[in-house]
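Have a look at the structure below before the remarks.
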Amino acid sequence: CNAIAICNYSDDILPKITSLCEENEVYFTLIWRSISDPEVKEIVEASPYYLGNTCESEEETGYMMGESFHNMGCENIAVITMEKGDATADARDAGFDRACDEFGMNRISEVRNNTLTAEETTKAVENFLASFPELDGIFVTGGSNTILEGVIQALALHNKTGEVKVACIDFISDLDKYIEEGAIDAISGFNCAACEFSSSQSYDFCSADVFFIPFGFFCKKNALSICILGFYSVFLH
């Protein structure tokens with residue numbers, strides 16, 4: 001392994017990753033993440049083995065999802081998000097909160113856990129509905145099939161599908177079906193270009209195999225297809 005593409009869930013781990021990569025003379029790049037902590041950023045960017053990062057404008061995406069709630073007439077929104085300290089989730093939260101301030105919406109409750117099962121999510125949404133009868137929106141800052149399925153199931157069980165609007169970041173399976181059924185009202189995603197560009201960058205730099213964390217292994221023979229797919233992803237936006 002000569003290069004690693006890493007999706008880090010906090011800045012805290014990056015100095016250790018930097019040290020390990022330097023010790024083993026392995027190049028590394030970050031996907032779907034920027035570095036928020038200025039001290040950590042200085043450490044990482046000083047490394048000769050750091051190839052850079054690829055990410056989206058997470059705060060702007062969070063703001064746009066908040067704006068979509070406003071456009072749908074929502075005023076009281078519950079949020080299912082990740083634990084504080086995840087740079088991506090924190091940025092999406094900040095953008096959403098900015099939209100709430102601008103459009104006079106209320107973030108009335110939240111659950112911070114992005115590893116919920118569908119059953120756990122259903123219970124969380126039922127708690128939202130019981131505690132806040134004025135609830136008219138649910139925002140999931142990071143999509144997974146289990147979380148969104150739990151949200152959709154809870155709203156269907158209580159005859160709230162379409163009445164309580166659902167917006168999510170990240171695409172999931174069966175997305176077209178959920179949109180056609182009116183179970184999902186707004187979604188932003190298809191950000192796979194980030195990992196593809198970072199992996200292609202690693203390949204171009206060291207002309208070697210790239211190990212991609214956490215989603216799979218990219219080898220040299222795949223580099224051209226990865227690069228083409230990356231451009232295709234951008235055009236789809």
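Letters A, B, ... go to the chains of the structure tokens in the order shown; residues in each chain start at 1; ligands are counted from 1 in the same order.
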
Quick one: everything within 10 Å of segment 163-180 of chain A, counting only C-alpha atoms, minus sequence neighbours fewer than 2 positions away in the same chain. Send it as a CSV table (one decimal) with all heavy atoms, in the first residue's frame.
chain,number,residue,atom,x,y,z
A,58,GLU,N,-20.3,21.8,3.0
A,58,GLU,CA,-21.3,21.2,3.9
A,58,GLU,C,-22.2,22.2,4.5
A,58,GLU,O,-23.4,22.0,4.6
A,58,GLU,CB,-20.6,20.4,4.9
A,58,GLU,CG,-19.7,19.3,4.4
A,58,GLU,CD,-20.4,18.2,3.7
A,58,GLU,OE1,-21.6,18.2,3.7
A,58,GLU,OE2,-19.7,17.3,3.1
A,61,THR,N,-24.8,23.3,2.0
A,61,THR,CA,-25.8,22.2,1.8
A,61,THR,C,-26.8,22.2,3.0
A,61,THR,O,-28.0,22.1,2.7
A,61,THR,CB,-25.1,20.9,1.7
A,61,THR,OG1,-24.1,20.9,0.7
A,61,THR,CG2,-26.1,19.8,1.5
A,62,GLY,N,-26.3,22.3,4.2
A,62,GLY,CA,-27.2,22.4,5.3
A,62,GLY,C,-28.2,23.6,5.2
A,62,GLY,O,-29.4,23.5,5.5
A,65,MET,N,-30.9,22.9,2.6
A,65,MET,CA,-31.9,22.0,3.1
A,65,MET,C,-32.8,22.8,4.0
A,65,MET,O,-34.1,22.6,4.0
A,65,MET,CB,-31.3,20.8,3.8
A,65,MET,CG,-30.4,20.0,2.9
A,65,MET,SD,-31.1,19.6,1.3
A,65,MET,CE,-32.3,18.3,1.7
A,66,GLY,N,-32.3,23.6,4.9
A,66,GLY,CA,-33.1,24.5,5.7
A,66,GLY,C,-34.1,25.4,4.9
A,66,GLY,O,-35.2,25.5,5.2
A,68,SER,N,-35.2,24.7,2.0
A,68,SER,CA,-36.2,23.9,1.4
A,68,SER,C,-37.4,23.7,2.3
A,68,SER,O,-38.5,23.7,1.9
A,68,SER,CB,-35.6,22.5,0.9
A,68,SER,OG,-35.4,21.7,2.0
A,69,PHE,N,-37.1,23.6,3.6
A,69,PHE,CA,-38.2,23.5,4.6
A,69,PHE,C,-39.0,24.7,4.6
A,69,PHE,O,-40.2,24.7,4.7
A,69,PHE,CB,-37.6,23.2,6.0
A,69,PHE,CG,-37.2,21.8,6.3
A,69,PHE,CD1,-35.9,21.4,6.5
A,69,PHE,CD2,-38.2,20.8,6.4
A,69,PHE,CE1,-35.6,20.1,6.8
A,69,PHE,CE2,-37.9,19.5,6.7
A,69,PHE,CZ,-36.6,19.1,6.9
A,72,MET,N,-41.3,24.9,1.8
A,72,MET,CA,-42.4,23.9,2.0
A,72,MET,C,-43.4,24.4,3.1
A,72,MET,O,-44.4,23.7,3.4
A,72,MET,CB,-41.9,22.5,2.3
A,72,MET,CG,-41.2,21.9,1.1
A,72,MET,SD,-40.7,20.2,1.4
A,72,MET,CE,-39.3,20.3,2.5
A,73,GLY,N,-43.1,25.5,3.7
A,73,GLY,CA,-44.0,26.1,4.7
A,73,GLY,C,-43.8,25.5,6.1
A,73,GLY,O,-44.6,25.7,7.0
A,74,CYS,N,-42.7,24.9,6.4
A,74,CYS,CA,-42.4,24.4,7.7
A,74,CYS,C,-41.9,25.4,8.7
A,74,CYS,O,-41.2,26.4,8.3
A,74,CYS,CB,-41.3,23.3,7.6
A,74,CYS,SG,-41.8,21.9,6.6
A,76,ASN,N,-41.5,24.2,12.4
A,76,ASN,CA,-41.0,23.5,13.6
A,76,ASN,C,-40.4,22.2,13.2
A,76,ASN,O,-41.1,21.3,12.8
A,76,ASN,CB,-42.1,23.3,14.6
A,76,ASN,CG,-42.7,24.6,15.0
A,76,ASN,OD1,-42.1,25.4,15.7
A,76,ASN,ND2,-44.0,24.9,14.6
A,77,ILE,N,-39.0,22.1,13.3
A,77,ILE,CA,-38.3,21.0,12.7
A,77,ILE,C,-37.5,20.3,13.7
A,77,ILE,O,-36.8,20.9,14.5
A,77,ILE,CB,-37.4,21.5,11.5
A,77,ILE,CG1,-38.3,22.3,10.5
A,77,ILE,CG2,-36.7,20.4,10.9
A,77,ILE,CD1,-37.5,23.2,9.7
A,78,ALA,N,-37.5,19.0,13.7
A,78,ALA,CA,-36.7,18.1,14.5
A,78,ALA,C,-35.5,17.6,13.7
A,78,ALA,O,-35.7,17.5,12.4
A,78,ALA,CB,-37.5,17.0,15.1
A,79,VAL,N,-34.4,17.4,14.3
A,79,VAL,CA,-33.2,17.0,13.6
A,79,VAL,C,-32.6,15.7,14.1
A,79,VAL,O,-32.5,15.5,15.3
A,79,VAL,CB,-32.1,18.1,13.7
A,79,VAL,CG1,-30.8,17.8,12.9
A,79,VAL,CG2,-32.7,19.5,13.2
A,80,ILE,N,-32.2,14.8,13.2
A,80,ILE,CA,-31.5,13.6,13.5
A,80,ILE,C,-30.1,13.8,12.9
A,80,ILE,O,-30.0,13.9,11.6
A,80,ILE,CB,-32.1,12.4,12.9
A,80,ILE,CG1,-33.5,12.2,13.5
A,80,ILE,CG2,-31.3,11.1,13.3
A,80,ILE,CD1,-34.3,11.0,13.0
A,92,ARG,N,-23.0,21.0,8.5
A,92,ARG,CA,-24.3,21.0,8.1
A,92,ARG,C,-25.3,21.5,9.1
A,92,ARG,O,-26.3,22.2,8.7
A,92,ARG,CB,-24.7,19.5,7.8
A,92,ARG,CG,-24.0,18.9,6.6
A,92,ARG,CD,-24.2,17.4,6.4
A,92,ARG,NE,-23.5,16.9,5.3
A,92,ARG,CZ,-23.4,15.6,4.9
A,92,ARG,NH1,-24.1,14.7,5.7
A,92,ARG,NH2,-22.8,15.2,3.9
A,129,LEU,N,-43.1,13.2,17.7
A,129,LEU,CA,-44.5,13.5,17.4
A,129,LEU,C,-45.3,13.6,18.7
A,129,LEU,O,-46.3,14.5,18.8
A,129,LEU,CB,-45.1,12.3,16.6
A,129,LEU,CG,-44.5,12.1,15.2
A,129,LEU,CD1,-45.0,10.8,14.6
A,129,LEU,CD2,-45.0,13.3,14.3
A,134,GLU,N,-46.8,20.3,17.2
A,134,GLU,CA,-46.6,21.3,16.1
A,134,GLU,C,-45.5,20.9,15.1
A,134,GLU,O,-45.3,21.6,14.1
A,134,GLU,CB,-46.2,22.6,16.8
A,134,GLU,CG,-44.8,22.7,17.4
A,134,GLU,CD,-44.8,22.2,18.8
A,134,GLU,OE1,-45.6,21.4,19.2
A,134,GLU,OE2,-43.8,22.7,19.5
A,135,LEU,N,-44.9,19.8,15.3
A,135,LEU,CA,-43.8,19.3,14.4
A,135,LEU,C,-44.3,19.2,12.9
A,135,LEU,O,-45.3,18.6,12.7
A,135,LEU,CB,-43.3,17.9,14.8
A,135,LEU,CG,-42.2,17.3,14.0
A,135,LEU,CD1,-40.9,17.9,14.2
A,135,LEU,CD2,-42.1,15.8,14.3
A,136,ASP,N,-43.6,19.9,12.0
A,136,ASP,CA,-44.0,19.8,10.6
A,136,ASP,C,-42.8,19.5,9.7
A,136,ASP,O,-42.9,19.6,8.5
A,136,ASP,CB,-44.7,21.1,10.2
A,136,ASP,CG,-43.9,22.4,10.5
A,136,ASP,OD1,-42.7,22.3,10.8
A,136,ASP,OD2,-44.5,23.4,10.4
A,137,GLY,N,-41.6,19.2,10.3
A,137,GLY,CA,-40.5,18.8,9.5
A,137,GLY,C,-39.5,18.0,10.2
A,137,GLY,O,-39.3,18.1,11.5
A,138,ILE,N,-38.8,17.1,9.5
A,138,ILE,CA,-37.7,16.3,10.1
A,138,ILE,C,-36.5,16.4,9.2
A,138,ILE,O,-36.6,16.1,8.0
A,138,ILE,CB,-38.1,14.8,10.3
A,138,ILE,CG1,-39.2,14.7,11.4
A,138,ILE,CG2,-36.9,14.0,10.8
A,138,ILE,CD1,-39.8,13.3,11.6
A,139,PHE,N,-35.4,16.8,9.7
A,139,PHE,CA,-34.1,16.9,8.9
A,139,PHE,C,-33.1,15.9,9.3
A,139,PHE,O,-32.8,15.8,10.5
A,139,PHE,CB,-33.6,18.3,9.1
A,139,PHE,CG,-32.2,18.5,8.4
A,139,PHE,CD1,-32.0,18.0,7.1
A,139,PHE,CD2,-31.3,19.4,8.9
A,139,PHE,CE1,-30.8,18.2,6.5
A,139,PHE,CE2,-30.1,19.6,8.3
A,139,PHE,CZ,-29.8,19.0,7.1
A,140,VAL,N,-32.7,15.0,8.4
A,140,VAL,CA,-31.7,14.0,8.7
A,140,VAL,C,-30.4,14.5,8.0
A,140,VAL,O,-30.3,14.6,6.8
A,140,VAL,CB,-32.1,12.6,8.1
A,140,VAL,CG1,-31.0,11.6,8.4
A,140,VAL,CG2,-33.4,12.2,8.7
A,141,THR,N,-29.4,14.8,8.8
A,141,THR,CA,-28.2,15.5,8.3
A,141,THR,C,-27.2,14.6,7.6
A,141,THR,O,-26.4,15.0,6.8
A,141,THR,CB,-27.4,16.2,9.4
A,141,THR,OG1,-26.8,15.3,10.3
A,141,THR,CG2,-28.2,17.2,10.2
A,142,GLY,N,-27.4,13.3,7.8
A,142,GLY,CA,-26.6,12.3,7.1
A,142,GLY,C,-27.4,11.0,6.9
A,142,GLY,O,-27.9,10.4,7.8
A,143,GLY,N,-27.6,10.7,5.6
A,143,GLY,CA,-28.5,9.6,5.3
A,143,GLY,C,-28.0,8.2,5.5
A,143,GLY,O,-26.8,8.0,5.2
A,144,SER,N,-28.8,7.3,5.9
A,144,SER,CA,-28.5,5.9,5.9
A,144,SER,C,-29.9,5.2,5.7
A,144,SER,O,-30.9,5.8,6.0
A,144,SER,CB,-27.9,5.4,7.1
A,144,SER,OG,-28.8,5.3,8.2
A,145,ASN,N,-29.9,4.1,5.1
A,145,ASN,CA,-31.1,3.4,4.8
A,145,ASN,C,-31.9,3.2,6.1
A,145,ASN,O,-33.1,3.4,6.2
A,145,ASN,CB,-30.9,2.1,4.1
A,145,ASN,CG,-30.7,2.2,2.6
A,145,ASN,OD1,-30.2,3.3,2.2
A,145,ASN,ND2,-31.0,1.2,1.9
A,146,THR,N,-31.2,2.7,7.2
A,146,THR,CA,-31.9,2.4,8.4
A,146,THR,C,-32.6,3.6,9.0
A,146,THR,O,-33.7,3.6,9.5
A,146,THR,CB,-31.0,1.8,9.4
A,146,THR,OG1,-29.9,2.6,9.7
A,146,THR,CG2,-30.4,0.4,8.9
A,148,LEU,N,-33.5,6.6,7.6
A,148,LEU,CA,-34.6,7.1,6.8
A,148,LEU,C,-35.8,6.2,6.7
A,148,LEU,O,-36.9,6.6,6.8
A,148,LEU,CB,-34.1,7.4,5.4
A,148,LEU,CG,-33.6,8.9,5.1
A,148,LEU,CD1,-33.1,9.0,3.7
A,148,LEU,CD2,-34.7,9.9,5.5
A,149,GLU,N,-35.5,4.9,6.7
A,149,GLU,CA,-36.6,3.9,6.8
A,149,GLU,C,-37.4,4.0,8.1
A,149,GLU,O,-38.6,3.9,8.1
A,149,GLU,CB,-36.0,2.5,6.6
A,149,GLU,CG,-35.6,2.2,5.2
A,149,GLU,CD,-34.9,0.9,5.1
A,149,GLU,OE1,-34.7,0.2,6.1
A,149,GLU,OE2,-34.4,0.5,3.9
A,151,VAL,N,-37.6,6.8,9.9
A,151,VAL,CA,-38.4,8.0,9.8
A,151,VAL,C,-39.7,7.8,9.0
A,151,VAL,O,-40.8,8.2,9.4
A,151,VAL,CB,-37.6,9.2,9.2
A,151,VAL,CG1,-38.4,10.4,8.9
A,151,VAL,CG2,-36.4,9.5,10.1
A,152,ILE,N,-39.5,7.2,7.8
A,152,ILE,CA,-40.6,7.0,6.9
A,152,ILE,C,-41.7,6.1,7.6
A,152,ILE,O,-42.9,6.3,7.5
A,152,ILE,CB,-40.1,6.4,5.6
A,152,ILE,CG1,-39.3,7.5,4.9
A,152,ILE,CG2,-41.3,5.9,4.8
A,152,ILE,CD1,-38.5,6.9,3.7
A,155,LEU,N,-43.7,8.0,10.4
A,155,LEU,CA,-44.7,8.9,9.9
A,155,LEU,C,-45.9,8.2,9.2
A,155,LEU,O,-47.0,8.6,9.4
A,155,LEU,CB,-44.0,9.8,8.9
A,155,LEU,CG,-42.9,10.8,9.4
A,155,LEU,CD1,-42.3,11.6,8.3
A,155,LEU,CD2,-43.5,11.6,10.5
A,159,ASN,N,-49.9,8.3,10.2
A,159,ASN,CA,-50.6,9.1,9.2
A,159,ASN,C,-50.1,10.5,9.0
A,159,ASN,O,-50.9,11.4,8.8
A,159,ASN,CB,-52.1,9.1,9.5
A,159,ASN,CG,-52.8,7.7,9.5
A,159,ASN,OD1,-52.5,6.9,8.6
A,159,ASN,ND2,-53.6,7.4,10.5
A,160,LYS,N,-48.8,10.6,9.1
A,160,LYS,CA,-48.2,11.9,9.0
A,160,LYS,C,-47.3,12.1,7.7
A,160,LYS,O,-46.7,13.1,7.5
A,160,LYS,CB,-47.2,12.2,10.2
A,160,LYS,CG,-48.0,12.3,11.5
A,160,LYS,CD,-48.8,13.6,11.6
A,160,LYS,CE,-49.4,13.7,13.0
A,160,LYS,NZ,-50.2,15.0,13.1
A,161,THR,N,-47.4,11.0,6.9
A,161,THR,CA,-46.6,11.1,5.6
A,161,THR,C,-47.1,12.3,4.8
A,161,THR,O,-48.3,12.4,4.5
A,161,THR,CB,-46.7,9.8,4.8
A,161,THR,OG1,-46.3,8.7,5.6
A,161,THR,CG2,-45.9,9.9,3.5
A,182,GLY,N,-44.0,10.3,-1.9
A,182,GLY,CA,-44.2,11.5,-1.1
A,182,GLY,C,-43.6,11.3,0.3
A,182,GLY,O,-43.9,12.1,1.2
A,183,ALA,N,-42.8,10.2,0.5
A,183,ALA,CA,-42.2,10.0,1.8
A,183,ALA,C,-41.0,10.8,2.1
A,183,ALA,O,-40.6,11.1,3.3
A,183,ALA,CB,-41.8,8.5,2.0
A,184,ILE,N,-40.3,11.2,1.0
A,184,ILE,CA,-39.1,12.1,1.1
A,184,ILE,C,-39.4,13.4,0.3
A,184,ILE,O,-39.8,13.3,-0.9
A,184,ILE,CB,-37.8,11.5,0.7
A,184,ILE,CG1,-37.5,10.3,1.6
A,184,ILE,CG2,-36.7,12.5,0.6
A,184,ILE,CD1,-36.2,9.5,1.1
A,185,ASP,N,-39.2,14.6,0.9
A,185,ASP,CA,-39.6,15.8,0.2
A,185,ASP,C,-38.4,16.6,-0.4
A,185,ASP,O,-38.6,17.4,-1.3
A,185,ASP,CB,-40.4,16.7,1.2
A,185,ASP,CG,-41.6,16.0,1.7
A,185,ASP,OD1,-42.6,15.9,1.0
A,185,ASP,OD2,-41.6,15.4,2.8
A,186,ALA,N,-37.2,16.4,0.2
A,186,ALA,CA,-36.1,17.1,-0.3
A,186,ALA,C,-34.8,16.3,0.0
A,186,ALA,O,-34.8,15.7,1.1
A,186,ALA,CB,-36.0,18.5,0.3
A,187,ILE,N,-33.9,16.2,-0.9
A,187,ILE,CA,-32.6,15.4,-0.6
A,187,ILE,C,-31.5,16.0,-1.4
A,187,ILE,O,-31.7,16.5,-2.5
A,187,ILE,CB,-32.9,13.9,-0.9
A,187,ILE,CG1,-31.7,13.1,-0.3
A,187,ILE,CG2,-33.1,13.7,-2.4
A,187,ILE,CD1,-32.1,11.6,-0.2
A,188,SER,N,-30.3,15.9,-0.8
A,188,SER,CA,-29.1,16.4,-1.5
A,188,SER,C,-28.1,15.2,-1.4
A,188,SER,O,-27.9,14.7,-0.3
A,188,SER,CB,-28.5,17.6,-0.9
A,188,SER,OG,-27.3,18.0,-1.4
A,189,GLY,N,-27.4,14.9,-2.5
A,189,GLY,CA,-26.4,13.8,-2.4
A,189,GLY,C,-25.7,13.6,-3.7
A,189,GLY,O,-25.4,14.5,-4.4
A,190,PHE,N,-25.3,12.4,-3.9
A,190,PHE,CA,-24.4,11.9,-5.0
A,190,PHE,C,-23.1,12.6,-5.0
A,190,PHE,O,-22.6,13.1,-5.9
A,190,PHE,CB,-25.1,12.2,-6.4
A,190,PHE,CG,-24.6,11.3,-7.4
A,190,PHE,CD1,-24.9,9.9,-7.4
A,190,PHE,CD2,-23.8,11.7,-8.5
A,190,PHE,CE1,-24.4,9.1,-8.3
A,190,PHE,CE2,-23.3,10.9,-9.4
A,190,PHE,CZ,-23.6,9.5,-9.4
A,191,ASN,N,-22.5,12.6,-3.8
A,191,ASN,CA,-21.2,13.2,-3.6
A,191,ASN,C,-20.0,12.2,-3.7
A,191,ASN,O,-18.9,12.4,-3.1
A,191,ASN,CB,-21.1,13.9,-2.2
A,191,ASN,CG,-21.4,13.0,-1.1
A,191,ASN,OD1,-21.8,11.9,-1.3
A,191,ASN,ND2,-21.2,13.5,0.1
A,192,CYS,N,-20.2,11.1,-4.5
A,192,CYS,CA,-19.2,10.1,-4.6
A,192,CYS,C,-18.0,10.7,-5.4
A,192,CYS,O,-16.9,10.1,-5.4
A,192,CYS,CB,-19.7,8.9,-5.3
A,192,CYS,SG,-20.5,9.1,-6.9

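Using only C-alpha atoms for every distance, the candidate list A:Glu39, A:Ala89, A:Gly162, A:Ile147 yields A:Ile147 as the residue closest to Glu119 of chain A.
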
Sel. of alpha helix (DSSP H) residues, segment 15-202 of chain A, as a ChimeraX atom specification: /A:15-24,38-45,58-71,87-103,118-131,145-157,175-180,193-202

Take the residues from that selection and put them in a file with C-alpha atoms, as an mmCIF file, in the first residue's frame.
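Saved as result_22.cif:
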data_model
loop_
_atom_site.group_PDB
_atom_site.id
_atom_site.type_symbol
_atom_site.label_atom_id
_atom_site.label_comp_id
_atom_site.auth_asym_id
_atom_site.auth_seq_id
_atom_site.Cartn_x
_atom_site.Cartn_y
_atom_site.Cartn_z
ATOM 1 C CA PRO A 15 -2.012 14.140 13.863
ATOM 2 C CA LYS A 16 -1.732 10.407 14.624
ATOM 3 C CA ILE A 17 -2.625 9.492 11.033
ATOM 4 C CA THR A 18 -0.032 11.969 9.782
ATOM 5 C CA SER A 19 2.640 10.480 12.037
ATOM 6 C CA LEU A 20 1.827 6.904 11.000
ATOM 7 C CA CYS A 21 1.906 7.770 7.300
ATOM 8 C CA GLU A 22 5.236 9.563 7.650
ATOM 9 C CA GLU A 23 6.759 6.663 9.566
ATOM 10 C CA ASN A 24 5.648 4.206 6.883
ATOM 11 C CA PRO A 38 -6.009 25.432 12.652
ATOM 12 C CA GLU A 39 -3.321 23.684 14.731
ATOM 13 C CA VAL A 40 -4.206 20.283 13.291
ATOM 14 C CA LYS A 41 -4.357 21.770 9.801
ATOM 15 C CA GLU A 42 -0.831 23.154 10.198
ATOM 16 C CA ILE A 43 0.493 19.755 11.311
ATOM 17 C CA VAL A 44 -1.171 17.860 8.472
ATOM 18 C CA GLU A 45 -0.313 20.316 5.707
ATOM 19 C CA GLU A 58 -21.311 21.178 3.858
ATOM 20 C CA GLU A 59 -22.511 24.361 5.544
ATOM 21 C CA GLU A 60 -24.075 25.621 2.334
ATOM 22 C CA THR A 61 -25.762 22.247 1.828
ATOM 23 C CA GLY A 62 -27.221 22.413 5.335
ATOM 24 C CA TYR A 63 -28.460 25.925 4.625
ATOM 25 C CA MET A 64 -30.081 24.845 1.350
ATOM 26 C CA MET A 65 -31.906 22.008 3.090
ATOM 27 C CA GLY A 66 -33.145 24.470 5.706
ATOM 28 C CA GLU A 67 -34.301 26.792 2.949
ATOM 29 C CA SER A 68 -36.213 23.887 1.378
ATOM 30 C CA PHE A 69 -38.162 23.465 4.634
ATOM 31 C CA HIS A 70 -39.039 27.157 4.542
ATOM 32 C CA ASN A 71 -40.195 26.834 0.924
ATOM 33 C CA ALA A 87 -16.687 18.217 11.115
ATOM 34 C CA THR A 88 -19.170 17.422 8.352
ATOM 35 C CA ALA A 89 -22.193 17.171 10.641
ATOM 36 C CA ASP A 90 -21.193 20.315 12.537
ATOM 37 C CA ALA A 91 -20.986 22.275 9.283
ATOM 38 C CA ARG A 92 -24.347 20.953 8.068
ATOM 39 C CA ASP A 93 -25.878 21.832 11.432
ATOM 40 C CA ALA A 94 -24.425 25.341 11.252
ATOM 41 C CA GLY A 95 -25.884 25.892 7.792
ATOM 42 C CA PHE A 96 -29.270 24.575 8.841
ATOM 43 C CA ASP A 97 -29.294 26.775 11.959
ATOM 44 C CA ARG A 98 -28.426 29.784 9.813
ATOM 45 C CA ALA A 99 -31.447 29.046 7.622
ATOM 46 C CA CYS A 100 -33.644 28.704 10.716
ATOM 47 C CA ASP A 101 -32.491 32.114 11.958
ATOM 48 C CA GLU A 102 -32.990 33.718 8.552
ATOM 49 C CA PHE A 103 -36.438 32.266 7.860
ATOM 50 C CA ALA A 118 -34.715 1.576 11.794
ATOM 51 C CA GLU A 119 -36.560 0.523 14.961
ATOM 52 C CA GLU A 120 -34.626 2.987 17.134
ATOM 53 C CA THR A 121 -35.275 5.770 14.634
ATOM 54 C CA THR A 122 -38.990 4.965 14.557
ATOM 55 C CA LYS A 123 -39.102 5.315 18.348
ATOM 56 C CA ALA A 124 -37.196 8.599 18.204
ATOM 57 C CA VAL A 125 -39.622 10.025 15.642
ATOM 58 C CA GLU A 126 -42.607 8.817 17.670
ATOM 59 C CA ASN A 127 -41.139 10.713 20.639
ATOM 60 C CA PHE A 128 -40.890 13.816 18.446
ATOM 61 C CA LEU A 129 -44.542 13.460 17.428
ATOM 62 C CA ALA A 130 -45.757 12.871 20.989
ATOM 63 C CA SER A 131 -43.764 15.719 22.514
ATOM 64 C CA ASN A 145 -31.128 3.393 4.810
ATOM 65 C CA THR A 146 -31.923 2.408 8.401
ATOM 66 C CA ILE A 147 -32.429 5.957 9.664
ATOM 67 C CA LEU A 148 -34.587 7.126 6.774
ATOM 68 C CA GLU A 149 -36.587 3.907 6.763
ATOM 69 C CA GLY A 150 -37.290 4.459 10.471
ATOM 70 C CA VAL A 151 -38.415 8.039 9.836
ATOM 71 C CA ILE A 152 -40.647 6.996 6.944
ATOM 72 C CA GLN A 153 -42.147 4.096 8.904
ATOM 73 C CA ALA A 154 -42.965 6.238 11.955
ATOM 74 C CA LEU A 155 -44.696 8.905 9.876
ATOM 75 C CA ALA A 156 -46.673 6.277 7.968
ATOM 76 C CA LEU A 157 -47.788 4.578 11.191
ATOM 77 C CA LEU A 175 -34.837 6.781 -3.376
ATOM 78 C CA ASP A 176 -37.032 7.067 -6.466
ATOM 79 C CA LYS A 177 -39.764 5.008 -4.814
ATOM 80 C CA TYR A 178 -39.744 7.107 -1.638
ATOM 81 C CA ILE A 179 -39.909 10.354 -3.622
ATOM 82 C CA GLU A 180 -42.784 9.072 -5.782
ATOM 83 C CA ALA A 193 -17.039 12.327 -6.866
ATOM 84 C CA ALA A 194 -15.030 13.422 -3.811
ATOM 85 C CA CYS A 195 -13.607 9.992 -3.071
ATOM 86 C CA GLU A 196 -13.043 9.278 -6.745
ATOM 87 C CA PHE A 197 -11.071 12.483 -7.306
ATOM 88 C CA SER A 198 -8.983 11.928 -4.172
ATOM 89 C CA SER A 199 -8.232 8.341 -5.139
ATOM 90 C CA SER A 200 -7.341 9.389 -8.682
ATOM 91 C CA GLN A 201 -5.098 12.106 -7.269
ATOM 92 C CA SER A 202 -3.293 9.530 -5.148
#

Atom-to-atom span, atom CA of Tyr49 of chain A and atom CA of Ala5 of chain A, Å: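 If I compute the distance from atom CA of Tyr49 of chain A to atom CA of Ala5 of chain A, I get 11.9 Å.
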
Residues of segment 41-202 of chain A in strand (DSSP E or B), written as a ChimeraX atom specification: /A:50-54,76-81,106-112,137-140,161,164-169,186-188

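Using only C-alpha atoms, the shortest contact distance between Cys7 of chain A and any of A:Thr54, A:Asn114, A:Ala46, A:Ser36 is found at A:Thr54.
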
Shortest interatomic distance to Asp11 of chain A - which of A:Glu75, A:Gly85, A:Pro48, A:Ser57, counting only C-alpha atoms: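 Of the candidates, the smallest distance to Asp11 of chain A is held by A:Gly85.
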
Separation of atom CA of Asp37 of chain A from atom CA of Asn106 of chain A in Å: 29.0 Å

Option closest in space to Tyr27 of chain A, from A:Tyr9, A:Ile108, A:Leu14, A:Ser47 [counting only C-alpha atoms]: A:Ser47
